[in-house]
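Comments concern the structure below.
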Amino acid sequence: MVKQWFKSGSPWIWMTGGAVSISLISVIGLLAMIAWKGLSFFWPSQVVELQLEGSVPKQTVIGEIYDRELVPKTRLEAAGYDLSGYKDEYVERLLVKTGNREYVELDFRWVLSTDIQSQQAPEKLAVFERSKNGNFYGYVTKVIEDGKVVTEQPVERLFELVERAVDLNEEALDLQNSEIGHINYELERLRLRERSYALDNELSDEKLAELNARRAELKEEYKVFEKRLFELRKKAKRDQVVVKDMRGEEVTLPLYQVLDVWFPNDMGFFAKTAHYIVQIGKFISDDPREANTEGGVFPAIFGTVFMVMLMAVIVTPFGVVAAIYLHEYAAKNAITKMIRIAVINLAGVPSIVYGVFGLGFFVYMLGGSIDELFYAEAAPSPVFGTPGVIWSALTLAILTLPVVIVSTEEGLSRIPSSVRHGSLALGATKAETLWKIIVPMASPAIMTGLILAVARAAGEVAPLMLVGVVKMAPTLPLDGNFPYIHLDRKFMHLGFHIYDVGFQSPNVEAARPLVYATAFLLVTVIIALNITAIGIRNHLREKFRALEN
């Protein structure tokens, strides 16, 4: 019976199915763990007030409990803690986010459970999210509107004043990035044009007068917008709030630095859910702050998607043309075989090697030559002779080129020769047969190669560190200034953002949840790109299924 069972092949089917199930469960479990550790960060946690005394002087600590762990008693005693009256082998300690960064040494601190004399979650305890110095915790004592203390419903009025300050700051930022940024961009273009005329010995008095007249116009426009900007900032600085912190001292917070305020201990489930959704939305749509440990990751999302799409546009035609040549036109000899082996071996080259190649060839050689030919007026500042999004896309296009070539060749080899012969017999040329019949039939395989290329390129970090990605990009590669798409600019990337926040952050504890959140977001972006490509592939497969029959 056992022999027949093995001969039937059932054990191998069960073994394969079990392996696939275990792998799937592992992947789902890993994603669930990353999502839990990352997305739970945005839930409005309970804020506790701890009264401490023991191994530390008597004091009050207000903050959020981030983590708990058991530490051997001997380890703490070796570190200098007096635990002679404690009999258990392990001591629990709590990681508390105390915020108030400018008034305490660290905004995260470990607290021993043996030092906690009392713990409570009092009402009316506020959390202020600020544009700098992180969160602030305390009790609201006064709300000052235009120099006057608000006496009627101060908390409700506080929410309105915070929203007002945020709107004014956003309007000022939009003005600075759009109108004022456009004027600065135009002034720089005028400077480069004048230098170009000077280098070509074409700078006449008429051209200089024309340039100066345009400069004068732009400067007049700049003064108008600058005045408007100062007015917005002045209005945003009008109001303040006085908060009593854990030291028992009253601190005045200017509302123009406050991004949001909430009272987590007073919030119900639905209020917390609404706040949670808003915080996730802000994480996706805002710019990063505080060395990337606060704020959002929108520039990194945009940079990742933009670079991957640019890479796909570059790698697809090159990979398809190379595969068509190798399969349809190249002679079946030793040279072609060696080329195929070389293409396959390219897939095994470490990605950092591609980064070094991209830096040397694309950035320094190709980019430097472009600067010498077309951007001499910008010297010594490089335009294309420096890492940028175009060189990152080209580097990753070369990195993923073998995947597209191999996948396309596999698709071409599955098309029966009778289809080619039938087309040629009906009078079509080889080129017409190729582009009207063979390539459409192979398009699902081409999309498969593109899916694999996107999946690998979106997660690459090492080569990008050499050819274009940066910690903080002041502007996006896409804006309202001509030529609108700026392929020479550096960009942010989700993969590099994870590396920077996780390993280069000055505040490790604050950065840890953002590492998980950004990692989950990167996986989500890759899945979204792949699902889009899979949808296109399935559509093409159904569209050209009739040709296979």
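Letters A, B, ... mark the chains of the structure tokens in the order given; residue numbers begin at 1 per chain; ligand numbers begin at 1, in order shown.
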Quick one: residues within 12 Å of A:Thr524, only C-alpha atoms, excluding same-chain residues fewer than 4 positions away - as a VMD selection string? chain A and resid 31 34 to 35 284 301 305 455 458 to 459 494 517 to 520 528 to 531
File dump, residues just selected, N, CA, C and O atoms, as a compact mmCIF listing (two decimals), in the first residue's frame:
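Below is the file that was written, out.txt:
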# COMPACT_ATOMS: atom_id res chain seq x y z
N LEU A 31 4.13 40.05 6.80
CA LEU A 31 3.46 41.31 6.45
C LEU A 31 2.55 41.78 7.59
O LEU A 31 2.48 42.99 7.87
N ILE A 34 4.76 43.33 10.30
CA ILE A 34 5.24 44.66 9.90
C ILE A 34 4.10 45.68 9.97
O ILE A 34 4.28 46.80 10.46
N ALA A 35 2.93 45.27 9.47
CA ALA A 35 1.78 46.19 9.49
C ALA A 35 1.38 46.53 10.92
O ALA A 35 1.10 47.71 11.24
N ILE A 284 1.08 59.59 4.81
CA ILE A 284 1.22 59.33 3.38
C ILE A 284 1.40 60.62 2.59
O ILE A 284 2.14 60.66 1.60
N ILE A 301 7.49 58.32 -1.52
CA ILE A 301 6.52 57.56 -2.32
C ILE A 301 6.57 58.03 -3.77
O ILE A 301 6.65 57.22 -4.71
N VAL A 305 7.82 55.69 -7.05
CA VAL A 305 6.93 55.38 -8.16
C VAL A 305 7.43 56.03 -9.46
O VAL A 305 7.45 55.39 -10.52
N ALA A 455 9.32 44.63 -9.54
CA ALA A 455 9.43 44.10 -8.18
C ALA A 455 10.85 44.19 -7.66
O ALA A 455 11.08 44.52 -6.48
N ALA A 458 12.03 48.27 -7.48
CA ALA A 458 11.40 49.08 -6.44
C ALA A 458 12.04 48.88 -5.08
O ALA A 458 12.01 49.80 -4.24
N GLY A 459 12.63 47.73 -4.85
CA GLY A 459 13.24 47.48 -3.55
C GLY A 459 14.73 47.69 -3.49
O GLY A 459 15.34 47.54 -2.42
N LEU A 494 11.70 55.14 -0.90
CA LEU A 494 11.21 54.47 0.30
C LEU A 494 12.25 53.51 0.88
O LEU A 494 12.41 53.42 2.10
N ALA A 517 6.44 51.12 9.50
CA ALA A 517 5.38 51.74 8.70
C ALA A 517 5.84 51.98 7.28
O ALA A 517 5.11 51.72 6.31
N THR A 518 7.08 52.46 7.11
CA THR A 518 7.60 52.72 5.76
C THR A 518 7.84 51.42 5.01
O THR A 518 7.61 51.35 3.80
N ALA A 519 8.31 50.39 5.72
CA ALA A 519 8.51 49.09 5.07
C ALA A 519 7.19 48.52 4.57
O ALA A 519 7.09 48.01 3.44
N PHE A 520 6.15 48.63 5.39
CA PHE A 520 4.83 48.15 4.96
C PHE A 520 4.33 48.97 3.77
O PHE A 520 3.72 48.42 2.84
N ALA A 528 0.93 47.17 -5.40
CA ALA A 528 0.04 47.96 -6.26
C ALA A 528 0.57 48.04 -7.68
O ALA A 528 -0.19 47.89 -8.66
N LEU A 529 1.88 48.27 -7.83
CA LEU A 529 2.48 48.31 -9.17
C LEU A 529 2.36 46.96 -9.86
O LEU A 529 2.03 46.88 -11.06
N ASN A 530 2.60 45.88 -9.11
CA ASN A 530 2.51 44.54 -9.70
C ASN A 530 1.08 44.17 -10.08
O ASN A 530 0.85 43.56 -11.13
N ILE A 531 0.12 44.53 -9.23
CA ILE A 531 -1.27 44.22 -9.54
C ILE A 531 -1.71 44.96 -10.81
O ILE A 531 -2.41 44.39 -11.66
I'd like the contact shell of stretch 101-112 of chain A - 9 Å cut-off, only C-alpha atoms, skipping same-chain residues fewer than 5 positions apart - returned as a tab-separated table (two decimals) with C-alpha atoms, in the first residue's frame.
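Now in selection21.tsv:
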chain	number	residue	atom	x	y	z
A	52	LEU	CA	8.51	57.86	40.55
A	55	SER	CA	16.48	54.47	42.34
A	63	GLY	CA	4.12	60.20	28.47
A	66	TYR	CA	5.88	52.37	24.13
A	91	VAL	CA	12.42	43.32	36.92
A	92	GLU	CA	9.93	44.82	34.50
A	93	ARG	CA	10.83	48.12	32.93
A	94	LEU	CA	8.78	50.42	30.72
A	95	LEU	CA	9.88	52.52	27.76
A	96	VAL	CA	8.05	55.85	28.09
A	133	ASN	CA	11.04	69.22	18.87
A	134	GLY	CA	8.47	66.41	18.64
A	135	ASN	CA	5.38	66.00	20.80
A	136	PHE	CA	4.58	68.01	23.91
A	507	ASN	CA	16.56	59.21	17.75
A	509	GLU	CA	13.34	54.82	19.58
A	510	ALA	CA	11.26	57.44	17.75
Select from stretch 76-139 of chain A everything DSSP, run on the backbone, classes as strand (DSSP E), then give the selection as a list in words. Tyr90, Val91, Glu92, Arg93, Leu94, Leu95, Val96, Lys97, Phe108, Arg109, Trp110, Val111, Leu112, Ile116, Gln117, Ser118, Gln119, Gln120, Leu125, Ala126, Val127, Phe128, Glu129, Arg130, Phe136, Tyr137, Gly138 and Tyr139 of chain A
Take the residues from that selection and write them out as a PDB file, in the first residue's frame, keeping N, CA and C atoms.
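Output (result27.pdb):
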ATOM      1  N   TYR A  90      13.612  38.729  37.869  1.00  0.00           N
ATOM      2  CA  TYR A  90      13.518  39.688  36.775  1.00  0.00           C
ATOM      3  C   TYR A  90      12.740  40.923  37.238  1.00  0.00           C
ATOM      4  N   VAL A  91      13.090  42.047  36.630  1.00  0.00           N
ATOM      5  CA  VAL A  91      12.425  43.317  36.921  1.00  0.00           C
ATOM      6  C   VAL A  91      11.820  43.849  35.621  1.00  0.00           C
ATOM      7  N   GLU A  92      10.567  44.237  35.671  1.00  0.00           N
ATOM      8  CA  GLU A  92       9.927  44.816  34.496  1.00  0.00           C
ATOM      9  C   GLU A  92      10.312  46.292  34.378  1.00  0.00           C
ATOM     10  N   ARG A  93      10.597  46.698  33.170  1.00  0.00           N
ATOM     11  CA  ARG A  93      10.832  48.119  32.929  1.00  0.00           C
ATOM     12  C   ARG A  93      10.027  48.576  31.723  1.00  0.00           C
ATOM     13  N   LEU A  94       9.663  49.850  31.730  1.00  0.00           N
ATOM     14  CA  LEU A  94       8.784  50.419  30.716  1.00  0.00           C
ATOM     15  C   LEU A  94       9.537  51.482  29.925  1.00  0.00           C
ATOM     16  N   LEU A  95       9.338  51.467  28.620  1.00  0.00           N
ATOM     17  CA  LEU A  95       9.882  52.521  27.759  1.00  0.00           C
ATOM     18  C   LEU A  95       8.796  53.576  27.580  1.00  0.00           C
ATOM     19  N   VAL A  96       9.047  54.777  28.079  1.00  0.00           N
ATOM     20  CA  VAL A  96       8.053  55.845  28.088  1.00  0.00           C
ATOM     21  C   VAL A  96       8.519  56.979  27.174  1.00  0.00           C
ATOM     22  N   LYS A  97       7.629  57.383  26.253  1.00  0.00           N
ATOM     23  CA  LYS A  97       7.894  58.553  25.420  1.00  0.00           C
ATOM     24  C   LYS A  97       7.394  59.779  26.170  1.00  0.00           C
ATOM     25  N   PHE A 108      12.674  59.778  25.181  1.00  0.00           N
ATOM     26  CA  PHE A 108      12.353  58.382  25.508  1.00  0.00           C
ATOM     27  C   PHE A 108      13.202  57.992  26.718  1.00  0.00           C
ATOM     28  N   ARG A 109      12.596  57.332  27.680  1.00  0.00           N
ATOM     29  CA  ARG A 109      13.345  56.909  28.852  1.00  0.00           C
ATOM     30  C   ARG A 109      12.786  55.597  29.379  1.00  0.00           C
ATOM     31  N   TRP A 110      13.689  54.789  29.982  1.00  0.00           N
ATOM     32  CA  TRP A 110      13.281  53.533  30.609  1.00  0.00           C
ATOM     33  C   TRP A 110      12.954  53.797  32.077  1.00  0.00           C
ATOM     34  N   VAL A 111      11.839  53.246  32.524  1.00  0.00           N
ATOM     35  CA  VAL A 111      11.384  53.416  33.900  1.00  0.00           C
ATOM     36  C   VAL A 111      11.219  52.029  34.528  1.00  0.00           C
ATOM     37  N   LEU A 112      11.856  51.803  35.686  1.00  0.00           N
ATOM     38  CA  LEU A 112      11.719  50.531  36.390  1.00  0.00           C
ATOM     39  C   LEU A 112      10.374  50.475  37.107  1.00  0.00           C
ATOM     40  N   ILE A 116       7.913  52.938  40.341  1.00  0.00           N
ATOM     41  CA  ILE A 116       6.589  53.535  40.118  1.00  0.00           C
ATOM     42  C   ILE A 116       5.784  53.470  41.416  1.00  0.00           C
ATOM     43  N   GLN A 117       5.530  54.631  41.989  1.00  0.00           N
ATOM     44  CA  GLN A 117       4.723  54.712  43.204  1.00  0.00           C
ATOM     45  C   GLN A 117       3.230  54.754  42.872  1.00  0.00           C
ATOM     46  N   SER A 118       2.888  55.398  41.742  1.00  0.00           N
ATOM     47  CA  SER A 118       1.488  55.440  41.295  1.00  0.00           C
ATOM     48  C   SER A 118       1.456  55.654  39.795  1.00  0.00           C
ATOM     49  N   GLN A 119       0.394  55.144  39.190  1.00  0.00           N
ATOM     50  CA  GLN A 119       0.209  55.288  37.736  1.00  0.00           C
ATOM     51  C   GLN A 119      -1.266  55.567  37.466  1.00  0.00           C
ATOM     52  N   GLN A 120      -1.524  56.624  36.695  1.00  0.00           N
ATOM     53  CA  GLN A 120      -2.894  56.974  36.354  1.00  0.00           C
ATOM     54  C   GLN A 120      -2.934  57.586  34.958  1.00  0.00           C
ATOM     55  N   LEU A 125      -5.526  65.638  29.694  1.00  0.00           N
ATOM     56  CA  LEU A 125      -4.090  65.603  29.416  1.00  0.00           C
ATOM     57  C   LEU A 125      -3.905  65.675  27.889  1.00  0.00           C
ATOM     58  N   ALA A 126      -3.229  66.729  27.436  1.00  0.00           N
ATOM     59  CA  ALA A 126      -3.163  67.021  25.997  1.00  0.00           C
ATOM     60  C   ALA A 126      -1.858  66.535  25.387  1.00  0.00           C
ATOM     61  N   VAL A 127      -1.942  66.180  24.106  1.00  0.00           N
ATOM     62  CA  VAL A 127      -0.768  65.852  23.292  1.00  0.00           C
ATOM     63  C   VAL A 127      -0.715  66.853  22.151  1.00  0.00           C
ATOM     64  N   PHE A 128       0.393  67.568  22.047  1.00  0.00           N
ATOM     65  CA  PHE A 128       0.582  68.547  20.985  1.00  0.00           C
ATOM     66  C   PHE A 128       1.601  68.004  19.989  1.00  0.00           C
ATOM     67  N   GLU A 129       1.190  67.851  18.744  1.00  0.00           N
ATOM     68  CA  GLU A 129       2.124  67.492  17.676  1.00  0.00           C
ATOM     69  C   GLU A 129       2.688  68.783  17.109  1.00  0.00           C
ATOM     70  N   ARG A 130       4.020  68.904  17.104  1.00  0.00           N
ATOM     71  CA  ARG A 130       4.650  70.155  16.706  1.00  0.00           C
ATOM     72  C   ARG A 130       5.521  69.965  15.467  1.00  0.00           C
ATOM     73  N   PHE A 136       4.551  67.365  22.598  1.00  0.00           N
ATOM     74  CA  PHE A 136       4.585  68.012  23.910  1.00  0.00           C
ATOM     75  C   PHE A 136       3.380  67.513  24.699  1.00  0.00           C
ATOM     76  N   TYR A 137       3.621  67.104  25.963  1.00  0.00           N
ATOM     77  CA  TYR A 137       2.569  66.569  26.819  1.00  0.00           C
ATOM     78  C   TYR A 137       2.353  67.503  28.002  1.00  0.00           C
ATOM     79  N   GLY A 138       1.097  67.711  28.366  1.00  0.00           N
ATOM     80  CA  GLY A 138       0.810  68.529  29.532  1.00  0.00           C
ATOM     81  C   GLY A 138      -0.659  68.889  29.633  1.00  0.00           C
ATOM     82  N   TYR A 139      -0.972  69.715  30.640  1.00  0.00           N
ATOM     83  CA  TYR A 139      -2.336  70.166  30.894  1.00  0.00           C
ATOM     84  C   TYR A 139      -2.500  71.599  30.367  1.00  0.00           C
TER      85      TYR A 139
END
Distance query A:Leu401 at most 8 Å, only C-alpha atoms, self and fewer than 4 positions along chain excluded, as a PyMOL selection string: chain A and resi 315+318-319+397+405+453
Just to be explicit: take each residue in the selection above, keep C-alpha atoms, and write the result as an mmCIF file, in the first residue's frame.
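Result went into out-v1.cif, see below:
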data_model
loop_
_atom_site.group_PDB
_atom_site.id
_atom_site.type_symbol
_atom_site.label_atom_id
_atom_site.label_comp_id
_atom_site.auth_asym_id
_atom_site.auth_seq_id
_atom_site.Cartn_x
_atom_site.Cartn_y
_atom_site.Cartn_z
ATOM 1 C CA VAL A 315 13.964 48.843 -19.955
ATOM 2 C CA PHE A 318 15.476 47.722 -24.982
ATOM 3 C CA GLY A 319 14.719 44.329 -23.468
ATOM 4 C CA ALA A 397 17.110 49.462 -16.282
ATOM 5 C CA ILE A 405 15.138 39.677 -22.145
ATOM 6 C CA ALA A 453 11.725 43.964 -13.150
#
From A:Leu434, A:Ala347, A:Val363, A:Val150, residue lying nearest A:Val320 [only C-alpha atoms]: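 For A:Val320, the nearest of the given residues is A:Leu434.
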Quick one: distance from atom CA of A:Ile498 to atom CA of A:Lys471 in Å, one decimal?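 Atom-to-atom, atom CA of A:Ile498 to atom CA of A:Lys471, that is 10.3 Å.
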